[in-house]
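So this block is coords_37.pdb, PDB, C-alpha atoms:
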ATOM      1  CA  MET J  10      23.888 -39.947  -5.429
ATOM      2  CA  LYS J  11      22.114 -39.568  -2.062
ATOM      3  CA  LYS J  12      22.083 -35.781  -2.503
ATOM      4  CA  ILE J  13      20.512 -36.086  -5.970
ATOM      5  CA  LEU J  14      17.937 -38.542  -4.633
ATOM      6  CA  GLY J  15      17.130 -36.139  -1.772
ATOM      7  CA  ILE J  16      16.553 -33.239  -4.172
ATOM      8  CA  PHE J  17      14.374 -35.462  -6.365
ATOM      9  CA  LEU J  18      12.233 -36.551  -3.412
ATOM     10  CA  LEU J  19      11.910 -32.934  -2.240
ATOM     11  CA  ALA J  20      10.742 -31.890  -5.708
ATOM     12  CA  LEU J  21       8.110 -34.623  -5.645
ATOM     13  CA  SER J  22       6.895 -33.554  -2.201
ATOM     14  CA  ILE J  23       6.291 -29.883  -3.089
ATOM     15  CA  PRO J  24       3.185 -30.436  -5.279
ATOM     16  CA  ALA J  25       1.712 -32.697  -2.596
ATOM     17  CA  PHE J  26       2.473 -30.066   0.047
ATOM     18  CA  ALA J  27       0.785 -27.391  -2.069
ATOM     19  CA  GLN J  28      -2.226 -29.612  -2.635
ATOM     20  CA  GLU J  29      -2.695 -30.080   1.112
ATOM     21  CA  TYR J  30      -1.917 -26.450   1.978
ATOM     22  CA  PRO J  31      -3.075 -24.983   4.299
ATOM     23  CA  THR J  32      -3.196 -27.439   7.179
ATOM     24  CA  LYS J  33      -2.642 -24.974  10.044
ATOM     25  CA  THR J  34      -2.959 -21.318  11.046
ATOM     26  CA  ILE J  35      -1.810 -18.704   8.557
ATOM     27  CA  LYS J  36      -0.410 -15.459   9.942
ATOM     28  CA  ILE J  37      -0.629 -12.254   7.919
ATOM     29  CA  VAL J  38       1.731  -9.522   9.087
ATOM     30  CA  ILE J  39       0.629  -5.976   8.276
ATOM     31  CA  PRO J  40       3.514  -3.548   8.893
ATOM     32  CA  LEU J  41       1.124  -0.618   9.336
ATOM     33  CA  THR J  42      -1.207   0.614  12.056
ATOM     34  CA  PRO J  43      -4.711  -0.798  12.564
ATOM     35  CA  GLY J  44      -7.241   1.148  10.518
ATOM     36  CA  SER J  45      -4.889   1.767   7.601
ATOM     37  CA  GLY J  46      -6.108   0.859   4.110
ATOM     38  CA  ALA J  47      -3.843  -2.183   3.927
ATOM     39  CA  ASP J  48      -5.069  -3.294   7.350
ATOM     40  CA  ILE J  49      -8.750  -3.043   6.405
ATOM     41  CA  ALA J  50      -8.289  -4.747   3.029
ATOM     42  CA  GLY J  51      -6.058  -7.409   4.581
ATOM     43  CA  ARG J  52      -8.641  -8.234   7.252
ATOM     44  CA  ILE J  53     -11.396  -8.612   4.651
ATOM     45  CA  ILE J  54      -9.220 -11.023   2.654
ATOM     46  CA  ALA J  55      -8.085 -12.900   5.775
ATOM     47  CA  ALA J  56     -11.667 -13.498   6.919
ATOM     48  CA  ARG J  57     -12.658 -14.994   3.558
ATOM     49  CA  MET J  58      -9.465 -17.090   3.347
ATOM     50  CA  SER J  59     -10.280 -18.545   6.755
ATOM     51  CA  GLU J  60     -13.858 -19.351   5.719
ATOM     52  CA  HIS J  61     -12.717 -20.820   2.411
ATOM     53  CA  TRP J  62      -9.927 -23.010   3.785
ATOM     54  CA  LYS J  63     -11.460 -23.777   7.215
ATOM     55  CA  GLN J  64      -8.205 -22.730   8.861
ATOM     56  CA  PRO J  65      -7.518 -19.758  11.161
ATOM     57  CA  VAL J  66      -6.015 -16.741   9.378
ATOM     58  CA  ILE J  67      -4.785 -14.222  11.935
ATOM     59  CA  ILE J  68      -3.621 -10.630  11.519
ATOM     60  CA  GLU J  69      -0.580  -9.220  13.288
ATOM     61  CA  ASN J  70       0.079  -5.467  13.037
ATOM     62  CA  ARG J  71       3.785  -4.609  13.307
ATOM     63  CA  PRO J  72       4.067  -0.945  12.299
ATOM     64  CA  GLY J  73       7.173   1.213  12.227
ATOM     65  CA  ALA J  74       9.975   2.488   9.999
ATOM     66  CA  GLY J  75       7.796   2.779   6.915
ATOM     67  CA  GLY J  76       6.885  -0.893   7.072
ATOM     68  CA  GLN J  77      10.435  -2.171   7.483
ATOM     69  CA  ILE J  78       9.878  -3.776  10.894
ATOM     70  CA  GLY J  79       6.988  -5.984   9.840
ATOM     71  CA  THR J  80       8.503  -6.785   6.447
ATOM     72  CA  SER J  81      11.790  -7.833   8.076
ATOM     73  CA  ALA J  82       9.907 -10.199  10.369
ATOM     74  CA  VAL J  83       8.193 -11.872   7.414
ATOM     75  CA  ILE J  84      11.335 -12.435   5.351
ATOM     76  CA  LYS J  85      12.984 -14.141   8.337
ATOM     77  CA  SER J  86      10.107 -16.576   8.722
ATOM     78  CA  GLU J  87       9.863 -20.080   7.280
ATOM     79  CA  PRO J  88       9.078 -19.888   3.523
ATOM     80  CA  ASP J  89       6.154 -22.284   3.720
ATOM     81  CA  GLY J  90       3.174 -20.012   3.046
ATOM     82  CA  TYR J  91       2.123 -19.754   6.687
ATOM     83  CA  THR J  92       3.591 -16.275   7.290
ATOM     84  CA  LEU J  93       2.563 -13.662   4.762
ATOM     85  CA  LEU J  94       2.923  -9.907   4.319
ATOM     86  CA  VAL J  95       0.129  -7.518   3.357
ATOM     87  CA  GLN J  96       1.503  -4.062   2.688
ATOM     88  CA  SER J  97       0.593  -0.936   0.762
ATOM     89  CA  SER J  98       2.505   0.523  -2.169
ATOM     90  CA  SER J  99       5.023   1.689   0.441
ATOM     91  CA  HIS J 100       6.665  -1.674  -0.312
ATOM     92  CA  ALA J 101       7.655  -0.160  -3.673
ATOM     93  CA  ALA J 102       8.338   3.326  -2.298
ATOM     94  CA  ASN J 103      10.854   2.311   0.373
ATOM     95  CA  PRO J 104      13.717   1.450  -2.029
ATOM     96  CA  ALA J 105      13.511   5.000  -3.384
ATOM     97  CA  ILE J 106      13.567   6.805  -0.049
ATOM     98  CA  TYR J 107      16.071   4.722   1.938
ATOM     99  CA  LYS J 108      19.741   4.320   1.043
ATOM    100  CA  SER J 109      19.670   0.847   2.502
ATOM    101  CA  LEU J 110      16.963  -1.490   3.740
ATOM    102  CA  PRO J 111      17.325  -4.504   6.044
ATOM    103  CA  TYR J 112      15.960  -6.563   3.173
ATOM    104  CA  ASP J 113      15.858  -6.564  -0.623
ATOM    105  CA  PRO J 114      12.199  -6.214  -1.732
ATOM    106  CA  LEU J 115      12.979  -7.933  -5.026
ATOM    107  CA  LYS J 116      15.108 -10.804  -3.727
ATOM    108  CA  ASP J 117      13.828 -11.464  -0.207
ATOM    109  CA  THR J 118      10.102 -11.552  -1.001
ATOM    110  CA  VAL J 119       7.997 -13.242  -3.655
ATOM    111  CA  ASP J 120       5.086 -11.344  -5.187
ATOM    112  CA  VAL J 121       1.828 -13.177  -4.460
ATOM    113  CA  ALA J 122      -1.169 -11.012  -5.361
ATOM    114  CA  ILE J 123      -2.559  -7.503  -5.552
ATOM    115  CA  LEU J 124      -5.599  -6.893  -3.364
ATOM    116  CA  GLY J 125      -6.801  -3.690  -4.989
ATOM    117  CA  LYS J 126      -6.147  -0.087  -5.947
ATOM    118  CA  THR J 127      -7.535   3.173  -4.582
ATOM    119  CA  PRO J 128      -6.921   6.923  -5.019
ATOM    120  CA  TYR J 129      -5.496   9.295  -2.454
ATOM    121  CA  VAL J 130      -7.481  12.364  -1.504
ATOM    122  CA  MET J 131      -5.572  15.517  -0.551
ATOM    123  CA  VAL J 132      -7.272  16.768   2.607
ATOM    124  CA  THR J 133      -7.041  19.797   4.868
ATOM    125  CA  ALA J 134      -9.002  20.908   7.948
ATOM    126  CA  ALA J 135     -12.459  22.157   6.981
ATOM    127  CA  ASN J 136     -12.202  24.963   9.534
ATOM    128  CA  GLY J 137      -8.762  25.916   8.266
ATOM    129  CA  PRO J 138      -7.681  28.616   5.806
ATOM    130  CA  TYR J 139      -7.515  26.485   2.625
ATOM    131  CA  LYS J 140     -10.774  26.119   0.711
ATOM    132  CA  ASN J 141      -9.407  24.825  -2.592
ATOM    133  CA  LEU J 142      -6.130  23.712  -4.190
ATOM    134  CA  LYS J 143      -5.432  27.109  -5.749
ATOM    135  CA  GLY J 144      -5.817  28.875  -2.405
ATOM    136  CA  PHE J 145      -3.562  26.343  -0.683
ATOM    137  CA  ILE J 146      -0.807  26.703  -3.302
ATOM    138  CA  GLU J 147      -0.927  30.499  -3.085
ATOM    139  CA  ALA J 148      -0.661  30.357   0.711
ATOM    140  CA  ALA J 149       2.241  27.873   0.616
ATOM    141  CA  ARG J 150       4.135  29.982  -1.915
ATOM    142  CA  ALA J 151       3.682  33.025   0.309
ATOM    143  CA  LYS J 152       5.390  31.175   3.177
ATOM    144  CA  PRO J 153       8.161  29.054   1.638
ATOM    145  CA  GLY J 154       9.581  26.467   4.026
ATOM    146  CA  GLU J 155       7.072  27.275   6.793
ATOM    147  CA  LEU J 156       3.970  25.160   6.265
ATOM    148  CA  PRO J 157       4.031  21.485   7.348
ATOM    149  CA  PHE J 158       2.408  18.517   5.631
ATOM    150  CA  ALA J 159       1.696  15.183   7.298
ATOM    151  CA  SER J 160       2.476  11.638   6.188
ATOM    152  CA  ALA J 161       2.017   8.141   7.583
ATOM    153  CA  GLY J 162       5.799   7.827   7.912
ATOM    154  CA  VAL J 163       9.074   8.512   6.135
ATOM    155  CA  GLY J 164       9.216   6.623   2.858
ATOM    156  CA  THR J 165       5.572   5.604   2.898
ATOM    157  CA  SER J 166       3.520   6.056  -0.237
ATOM    158  CA  THR J 167       1.587   8.882   1.490
ATOM    159  CA  HIS J 168       4.902  10.679   1.988
ATOM    160  CA  LEU J 169       5.954  10.410  -1.642
ATOM    161  CA  ALA J 170       2.465  11.227  -2.938
ATOM    162  CA  ALA J 171       2.673  14.470  -0.954
ATOM    163  CA  GLU J 172       6.242  15.190  -2.083
ATOM    164  CA  TYR J 173       5.018  14.846  -5.666
ATOM    165  CA  VAL J 174       2.386  17.545  -5.019
ATOM    166  CA  VAL J 175       5.026  19.797  -3.478
ATOM    167  CA  ALA J 176       7.388  19.259  -6.427
ATOM    168  CA  LEU J 177       4.791  19.817  -9.179
ATOM    169  CA  ALA J 178       3.427  22.938  -7.461
ATOM    170  CA  LYS J 179       7.005  24.201  -6.920
ATOM    171  CA  LEU J 180       6.547  24.605  -3.174
ATOM    172  CA  LYS J 181       8.839  24.388  -0.171
ATOM    173  CA  MET J 182       7.240  22.714   2.838
ATOM    174  CA  ILE J 183       8.133  20.846   6.040
ATOM    175  CA  HIS J 184       7.498  17.102   6.161
ATOM    176  CA  VAL J 185       6.027  15.832   9.448
ATOM    177  CA  PRO J 186       5.973  12.000   9.528
ATOM    178  CA  PHE J 187       3.718  10.010  11.848
ATOM    179  CA  LYS J 188       3.487   6.336  12.769
ATOM    180  CA  GLY J 189       0.430   5.779  10.626
ATOM    181  CA  SER J 190      -2.535   7.240   8.797
ATOM    182  CA  PRO J 191      -4.776   7.760  11.872
ATOM    183  CA  ASP J 192      -2.165   9.957  13.612
ATOM    184  CA  ALA J 193      -1.486  11.948  10.440
ATOM    185  CA  MET J 194      -5.211  12.490   9.978
ATOM    186  CA  GLN J 195      -5.617  13.776  13.528
ATOM    187  CA  ASP J 196      -2.809  16.285  12.983
ATOM    188  CA  VAL J 197      -4.587  17.658   9.911
ATOM    189  CA  LEU J 198      -7.969  17.705  11.678
ATOM    190  CA  GLY J 199      -6.328  19.719  14.451
ATOM    191  CA  GLY J 200      -5.030  22.238  11.927
ATOM    192  CA  ARG J 201      -1.388  21.605  12.769
ATOM    193  CA  SER J 202      -0.452  20.213   9.340
ATOM    194  CA  ALA J 203      -1.631  21.916   6.166
ATOM    195  CA  PHE J 204      -2.541  18.732   4.308
ATOM    196  CA  TYR J 205      -2.325  14.959   4.136
ATOM    197  CA  MET J 206      -2.530  12.679   1.096
ATOM    198  CA  ALA J 207      -5.028  10.345   2.718
ATOM    199  CA  PRO J 208      -6.010   6.954   1.368
ATOM    200  CA  ILE J 209      -9.526   7.663   0.169
ATOM    201  CA  ASN J 210     -11.083   5.150   2.583
ATOM    202  CA  ALA J 211      -9.530   7.067   5.493
ATOM    203  CA  GLY J 212     -10.570  10.512   4.320
ATOM    204  CA  MET J 213     -13.872  10.262   2.484
ATOM    205  CA  ASN J 214     -16.245  10.033   5.453
ATOM    206  CA  LEU J 215     -14.605  12.989   7.178
ATOM    207  CA  VAL J 216     -14.952  14.923   3.922
ATOM    208  CA  LYS J 217     -18.629  13.960   3.642
ATOM    209  CA  ASP J 218     -19.168  14.933   7.311
ATOM    210  CA  GLY J 219     -17.689  18.369   6.660
ATOM    211  CA  LYS J 220     -14.700  17.902   8.979
ATOM    212  CA  LEU J 221     -12.137  17.848   6.189
ATOM    213  CA  THR J 222     -11.958  19.737   2.903
ATOM    214  CA  ALA J 223     -10.903  17.674  -0.117
ATOM    215  CA  LEU J 224      -8.488  19.663  -2.254
ATOM    216  CA  GLY J 225      -8.293  16.985  -4.959
ATOM    217  CA  VAL J 226      -7.973  13.291  -5.750
ATOM    218  CA  SER J 227      -4.775  11.746  -7.019
ATOM    219  CA  THR J 228      -5.926   9.809 -10.082
ATOM    220  CA  ARG J 229      -6.571  11.071 -13.614
ATOM    221  CA  THR J 230     -10.282  10.322 -13.238
ATOM    222  CA  ARG J 231     -12.527  11.339 -10.359
ATOM    223  CA  ALA J 232     -13.268   8.869  -7.572
ATOM    224  CA  GLU J 233     -16.714   7.284  -7.567
ATOM    225  CA  VAL J 234     -17.020   7.695  -3.796
ATOM    226  CA  LEU J 235     -16.225  11.440  -4.025
ATOM    227  CA  PRO J 236     -17.563  12.368  -7.483
ATOM    228  CA  ASP J 237     -17.706  16.116  -6.782
ATOM    229  CA  VAL J 238     -14.033  16.369  -5.848
ATOM    230  CA  PRO J 239     -11.883  17.380  -8.844
ATOM    231  CA  THR J 240      -8.627  15.643  -9.645
ATOM    232  CA  LEU J 241      -5.306  17.350  -8.973
ATOM    233  CA  ASP J 242      -4.528  16.996 -12.673
ATOM    234  CA  GLU J 243      -7.621  18.910 -13.818
ATOM    235  CA  GLN J 244      -6.793  21.693 -11.359
ATOM    236  CA  GLY J 245      -3.420  22.409 -12.876
ATOM    237  CA  LEU J 246      -1.030  19.813 -11.443
ATOM    238  CA  VAL J 247      -0.713  18.353 -14.908
ATOM    239  CA  SER J 248       0.392  14.718 -15.122
ATOM    240  CA  TYR J 249      -0.287  14.055 -11.445
ATOM    241  CA  ASP J 250      -1.546  10.473 -11.354
ATOM    242  CA  MET J 251      -0.863   8.275  -8.333
ATOM    243  CA  THR J 252      -2.688   5.228  -7.063
ATOM    244  CA  LEU J 253      -2.431   3.609  -3.665
ATOM    245  CA  TRP J 254      -2.474  -0.165  -3.907
ATOM    246  CA  PHE J 255      -2.310  -3.087  -1.509
ATOM    247  CA  GLY J 256      -0.524  -6.363  -2.097
ATOM    248  CA  MET J 257       0.442  -9.693  -0.577
ATOM    249  CA  TRP J 258       3.952 -11.141  -0.417
ATOM    250  CA  ALA J 259       5.601 -14.259   0.968
ATOM    251  CA  PRO J 260       9.221 -14.944   1.962
ATOM    252  CA  ALA J 261      11.566 -15.813  -0.881
ATOM    253  CA  ALA J 262      11.816 -19.561  -1.562
ATOM    254  CA  THR J 263       8.139 -20.126  -0.802
ATOM    255  CA  PRO J 264       7.185 -22.998  -3.147
ATOM    256  CA  LEU J 265       5.673 -21.703  -6.391
ATOM    257  CA  PRO J 266       2.640 -24.039  -6.180
ATOM    258  CA  VAL J 267       1.800 -22.482  -2.783
ATOM    259  CA  VAL J 268       2.245 -18.977  -4.212
ATOM    260  CA  ARG J 269      -0.088 -19.830  -7.077
ATOM    261  CA  LYS J 270      -2.657 -21.312  -4.705
ATOM    262  CA  LEU J 271      -2.598 -18.123  -2.623
ATOM    263  CA  ASN J 272      -2.835 -15.988  -5.754
ATOM    264  CA  GLU J 273      -5.834 -17.912  -7.040
ATOM    265  CA  ALA J 274      -7.535 -17.611  -3.654
ATOM    266  CA  VAL J 275      -7.011 -13.839  -3.414
ATOM    267  CA  ASN J 276      -8.126 -13.272  -7.021
ATOM    268  CA  ALA J 277     -11.279 -15.293  -6.397
ATOM    269  CA  ILE J 278     -12.026 -13.512  -3.114
ATOM    270  CA  VAL J 279     -11.722  -9.970  -4.530
ATOM    271  CA  SER J 280     -14.091 -10.982  -7.334
ATOM    272  CA  GLU J 281     -16.815 -12.117  -4.938
ATOM    273  CA  PRO J 282     -19.857  -9.784  -5.025
ATOM    274  CA  ASN J 283     -19.842  -9.314  -1.249
ATOM    275  CA  VAL J 284     -16.143  -8.414  -1.149
ATOM    276  CA  LYS J 285     -16.454  -6.156  -4.194
ATOM    277  CA  GLU J 286     -19.266  -4.344  -2.376
ATOM    278  CA  GLN J 287     -17.160  -3.943   0.778
ATOM    279  CA  PHE J 288     -14.221  -2.700  -1.293
ATOM    280  CA  ALA J 289     -16.417  -0.269  -3.250
ATOM    281  CA  LYS J 290     -17.570   1.379  -0.031
ATOM    282  CA  LEU J 291     -13.897   1.956   0.768
ATOM    283  CA  GLY J 292     -13.080   3.263  -2.700
ATOM    284  CA  ILE J 293     -10.974   0.161  -3.459
ATOM    285  CA  LEU J 294     -11.142  -1.419  -6.901
ATOM    286  CA  PRO J 295     -10.047  -5.063  -7.385
ATOM    287  CA  ALA J 296      -7.292  -5.518  -9.962
ATOM    288  CA  PRO J 297      -6.547  -9.267 -10.105
ATOM    289  CA  MET J 298      -3.188 -10.293 -11.549
ATOM    290  CA  LYS J 299      -1.212 -13.503 -11.807
ATOM    291  CA  PRO J 300       1.954 -13.598  -9.645
ATOM    292  CA  GLU J 301       4.270 -12.852 -12.580
ATOM    293  CA  ASP J 302       2.132  -9.879 -13.690
ATOM    294  CA  PHE J 303       2.015  -8.539 -10.139
ATOM    295  CA  GLY J 304       5.800  -8.882  -9.986
ATOM    296  CA  ARG J 305       6.209  -6.780 -13.116
ATOM    297  CA  PHE J 306       3.766  -4.224 -11.696
ATOM    298  CA  VAL J 307       5.739  -3.948  -8.435
ATOM    299  CA  ARG J 308       8.987  -3.360 -10.341
ATOM    300  CA  SER J 309       7.379  -0.665 -12.483
ATOM    301  CA  GLU J 310       6.082   1.048  -9.319
ATOM    302  CA  ILE J 311       9.576   1.006  -7.780
ATOM    303  CA  ASP J 312      10.760   2.887 -10.874
ATOM    304  CA  VAL J 313       7.872   5.375 -10.550
ATOM    305  CA  TYR J 314       8.764   6.206  -6.952
ATOM    306  CA  ARG J 315      12.433   6.596  -7.811
ATOM    307  CA  ARG J 316      11.494   9.149 -10.475
ATOM    308  CA  ILE J 317       9.339  11.025  -7.943
ATOM    309  CA  VAL J 318      12.187  11.109  -5.423
ATOM    310  CA  ARG J 319      14.570  12.490  -8.051
ATOM    311  CA  ALA J 320      12.023  15.058  -9.282
ATOM    312  CA  ALA J 321      11.332  16.208  -5.712
ATOM    313  CA  GLY J 322      15.038  16.440  -4.920
ATOM    314  CA  ILE J 323      14.649  14.177  -1.878
ATOM    315  CA  GLU J 324      17.877  12.905  -0.369
ATOM    316  CA  PRO J 325      17.507   9.175   0.400
ATOM    317  CA  GLN J 326      17.838   8.560   4.119
TER
END

Encoded form (structure tokens):
Amino acid sequence: MKKILGIFLLALSIPAFAQEYPTKTIKIVIPLTPGSGADIAGRIIAARMSEHWKQPVIIENRPGAGGQIGTSAVIKSEPDGYTLLVQSSSHAANPAIYKSLPYDPLKDTVDVAILGKTPYVMVTAANGPYKNLKGFIEAARAKPGELPFASAGVGTSTHLAAEYVVALAKLKMIHVPFKGSPDAMQDVLGGRSAFYMAPINAGMNLVKDGKLTALGVSTRTRAEVLPDVPTLDEQGLVSYDMTLWFGMWAPAATPLPVVRKLNEAVNAIVSEPNVKEQFAKLGILPAPMKPEDFGRFVRSEIDVYRRIVRAAGIEPQ
């Protein structure tokens, strides 16, 4: 009887807790390097959450292992809404590339909200030998298994986006993983790696400054921030269509009313004119969803990445 009464009282306390939430500092863990797309988008959201709720919202970068280190830290935290995860679509790519993870992305986290979507841009050094996608493919086919491509880490979405290019173009290349997007970009700028599937916010200014050559964008339609760059699909990599997206998660067992409150806050923030303007400059488009819709989206993306891994013949690590 006492146990039943305890459960009943707990159930009554959850709505009250959600109504008061937040009453202290919220920590957002980003399992990627500073300057990554998820990091920039997460900081914009965190700043507005702090202003809206009059509570500190701090960012903690914990990069490594394709996001596994930071994600593992979040799932071990108290499921009270005060420790959150902001990650890229690598959250959905990891189950495809790793035989085992230290967490189950479907059972150990709860889907809170999507922050936005953005294309990748396939970039190469402007002073390098590749001036367009056709020329790059011809060069790579002439040297099978010799040319390297960069990624932001094994199992990251930038890795699988590149593997999809390699598979569709029927190439053989060497994967060179880095700890994050900035390091991968530097390797391409230095001419050591042939290309990188850069988040468009990371690559567009270097393309505009003439330091990188854009070989194509990853979506079916051209990117507004790089309107002169053709899509990979229109250049012959038929059916290539990949979007980088950023999301927010909480530890499993976080009370649903808190999840919904967070979701409503994020959806409202990304719809604010000032935030939309900041996102637009980064090539990020808001795509608000309710938690259940975001959950279905995440599961569909996990399936997409698994198909890419199979098509590319990648052995899970």

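Interatomic distance, atom CA of Tyr249 of chain J to atom CA of Ser227 of chain J: 6.7 Å.
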
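We find atom CA of Ser98 of chain J and atom CA of Phe255 of chain J to be spaced 6.1 Å apart.
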
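When all atoms listed in the file are used to compute distances to Ile209 of chain J, the closest of the residues J:Ile323, J:Met131, J:Leu224, J:Val307 turns out to be J:Met131.
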
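The space between atom CA of Ala161 of chain J and atom CA of Thr42 of chain J spans 9.3 Å.
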
Per-residue nearest contacts segment 225-303 of chain J to segment 58-65 of chain J, cut-off 12 Å, using all atoms listed in the file, as JSON lines:
{"residue": "J:Lys270", "atom": "CA", "partner": "J:Trp62", "partner_atom": "CA", "distance": 11.3}
{"residue": "J:Leu271", "atom": "CA", "partner": "J:Met58", "partner_atom": "CA", "distance": 9.2}
{"residue": "J:Asn272", "atom": "CA", "partner": "J:Met58", "partner_atom": "CA", "distance": 11.3}
{"residue": "J:Glu273", "atom": "CA", "partner": "J:Met58", "partner_atom": "CA", "distance": 11.0}
{"residue": "J:Ala274", "atom": "CA", "partner": "J:Met58", "partner_atom": "CA", "distance": 7.3}
{"residue": "J:Val275", "atom": "CA", "partner": "J:Met58", "partner_atom": "CA", "distance": 7.9}
{"residue": "J:Asn276", "atom": "CA", "partner": "J:Met58", "partner_atom": "CA", "distance": 11.1}
{"residue": "J:Ala277", "atom": "CA", "partner": "J:Met58", "partner_atom": "CA", "distance": 10.1}
{"residue": "J:Ile278", "atom": "CA", "partner": "J:Met58", "partner_atom": "CA", "distance": 7.8}
{"residue": "J:Val279", "atom": "CA", "partner": "J:Met58", "partner_atom": "CA", "distance": 10.9}
{"residue": "J:Val284", "atom": "CA", "partner": "J:Met58", "partner_atom": "CA", "distance": 11.8}

Take the PyMOL selection byres ((chain J and resi 128) around 8), apply it to the structure above, and return the hits as a PyMOL selection string. chain J and resi 126-127+129-130+208-209+226-228+232+251-253+292

Carefully work through the PyMOL selection byres ((chain J and resi 88) around 7) for this structure and note down the residues it includes, as a ChimeraX atom specification. /J:86-87,89-90,260-263

What does the file look like for those residues with C-alpha atoms, as an mmCIF file, in the coordinates of the input?
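Result written to result05.cif:
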data_model
loop_
_atom_site.group_PDB
_atom_site.id
_atom_site.type_symbol
_atom_site.label_atom_id
_atom_site.label_comp_id
_atom_site.auth_asym_id
_atom_site.auth_seq_id
_atom_site.Cartn_x
_atom_site.Cartn_y
_atom_site.Cartn_z
ATOM 1 C CA SER J 86 10.107 -16.576 8.722
ATOM 2 C CA GLU J 87 9.863 -20.080 7.280
ATOM 3 C CA ASP J 89 6.154 -22.284 3.720
ATOM 4 C CA GLY J 90 3.174 -20.012 3.046
ATOM 5 C CA PRO J 260 9.221 -14.944 1.962
ATOM 6 C CA ALA J 261 11.566 -15.813 -0.881
ATOM 7 C CA ALA J 262 11.816 -19.561 -1.562
ATOM 8 C CA THR J 263 8.139 -20.126 -0.802
#

Would you mind completing segment 73-85 of chain J to N, CA, C and O atoms and writing the output as an mmCIF file, in the coordinates of the input?
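Saved as result_7.cif:
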data_model
loop_
_atom_site.group_PDB
_atom_site.id
_atom_site.type_symbol
_atom_site.label_atom_id
_atom_site.label_comp_id
_atom_site.auth_asym_id
_atom_site.auth_seq_id
_atom_site.Cartn_x
_atom_site.Cartn_y
_atom_site.Cartn_z
ATOM 1 N N GLY J 73 5.925 0.532 11.907
ATOM 2 C CA GLY J 73 7.173 1.213 12.227
ATOM 3 C C GLY J 73 8.147 1.215 11.075
ATOM 4 O O GLY J 73 8.183 0.304 10.260
ATOM 5 N N ALA J 74 8.900 2.335 10.986
ATOM 6 C CA ALA J 74 9.975 2.488 9.999
ATOM 7 C C ALA J 74 9.478 2.297 8.572
ATOM 8 O O ALA J 74 10.124 1.644 7.751
ATOM 9 N N GLY J 75 8.313 2.864 8.272
ATOM 10 C CA GLY J 75 7.796 2.779 6.915
ATOM 11 C C GLY J 75 7.475 1.366 6.462
ATOM 12 O O GLY J 75 7.477 1.081 5.271
ATOM 13 N N GLY J 76 7.212 0.495 7.412
ATOM 14 C CA GLY J 76 6.885 -0.893 7.072
ATOM 15 C C GLY J 76 8.060 -1.849 7.165
ATOM 16 O O GLY J 76 7.898 -3.057 6.984
ATOM 17 N N GLN J 77 9.246 -1.323 7.473
ATOM 18 C CA GLN J 77 10.435 -2.171 7.483
ATOM 19 C C GLN J 77 10.416 -3.220 8.596
ATOM 20 O O GLN J 77 10.894 -4.340 8.405
ATOM 21 N N ILE J 78 9.858 -2.864 9.745
ATOM 22 C CA ILE J 78 9.878 -3.776 10.894
ATOM 23 C C ILE J 78 9.066 -5.039 10.593
ATOM 24 O O ILE J 78 9.542 -6.166 10.756
ATOM 25 N N GLY J 79 7.838 -4.844 10.149
ATOM 26 C CA GLY J 79 6.988 -5.984 9.840
ATOM 27 C C GLY J 79 7.502 -6.785 8.668
ATOM 28 O O GLY J 79 7.458 -8.029 8.673
ATOM 29 N N THR J 80 7.982 -6.090 7.635
ATOM 30 C CA THR J 80 8.503 -6.785 6.447
ATOM 31 C C THR J 80 9.720 -7.634 6.809
ATOM 32 O O THR J 80 9.854 -8.781 6.361
ATOM 33 N N SER J 81 10.599 -7.087 7.649
ATOM 34 C CA SER J 81 11.790 -7.833 8.076
ATOM 35 C C SER J 81 11.409 -9.104 8.815
ATOM 36 O O SER J 81 12.049 -10.152 8.650
ATOM 37 N N ALA J 82 10.355 -9.018 9.627
ATOM 38 C CA ALA J 82 9.907 -10.199 10.369
ATOM 39 C C ALA J 82 9.416 -11.287 9.421
ATOM 40 O O ALA J 82 9.669 -12.477 9.637
ATOM 41 N N VAL J 83 8.735 -10.881 8.364
ATOM 42 C CA VAL J 83 8.193 -11.872 7.414
ATOM 43 C C VAL J 83 9.305 -12.578 6.651
ATOM 44 O O VAL J 83 9.287 -13.802 6.497
ATOM 45 N N ILE J 84 10.287 -11.810 6.176
ATOM 46 C CA ILE J 84 11.335 -12.435 5.351
ATOM 47 C C ILE J 84 12.214 -13.392 6.157
ATOM 48 O O ILE J 84 12.867 -14.264 5.585
ATOM 49 N N LYS J 85 12.197 -13.241 7.489
ATOM 50 C CA LYS J 85 12.984 -14.141 8.337
ATOM 51 C C LYS J 85 12.207 -15.400 8.713
ATOM 52 O O LYS J 85 12.749 -16.307 9.336
#
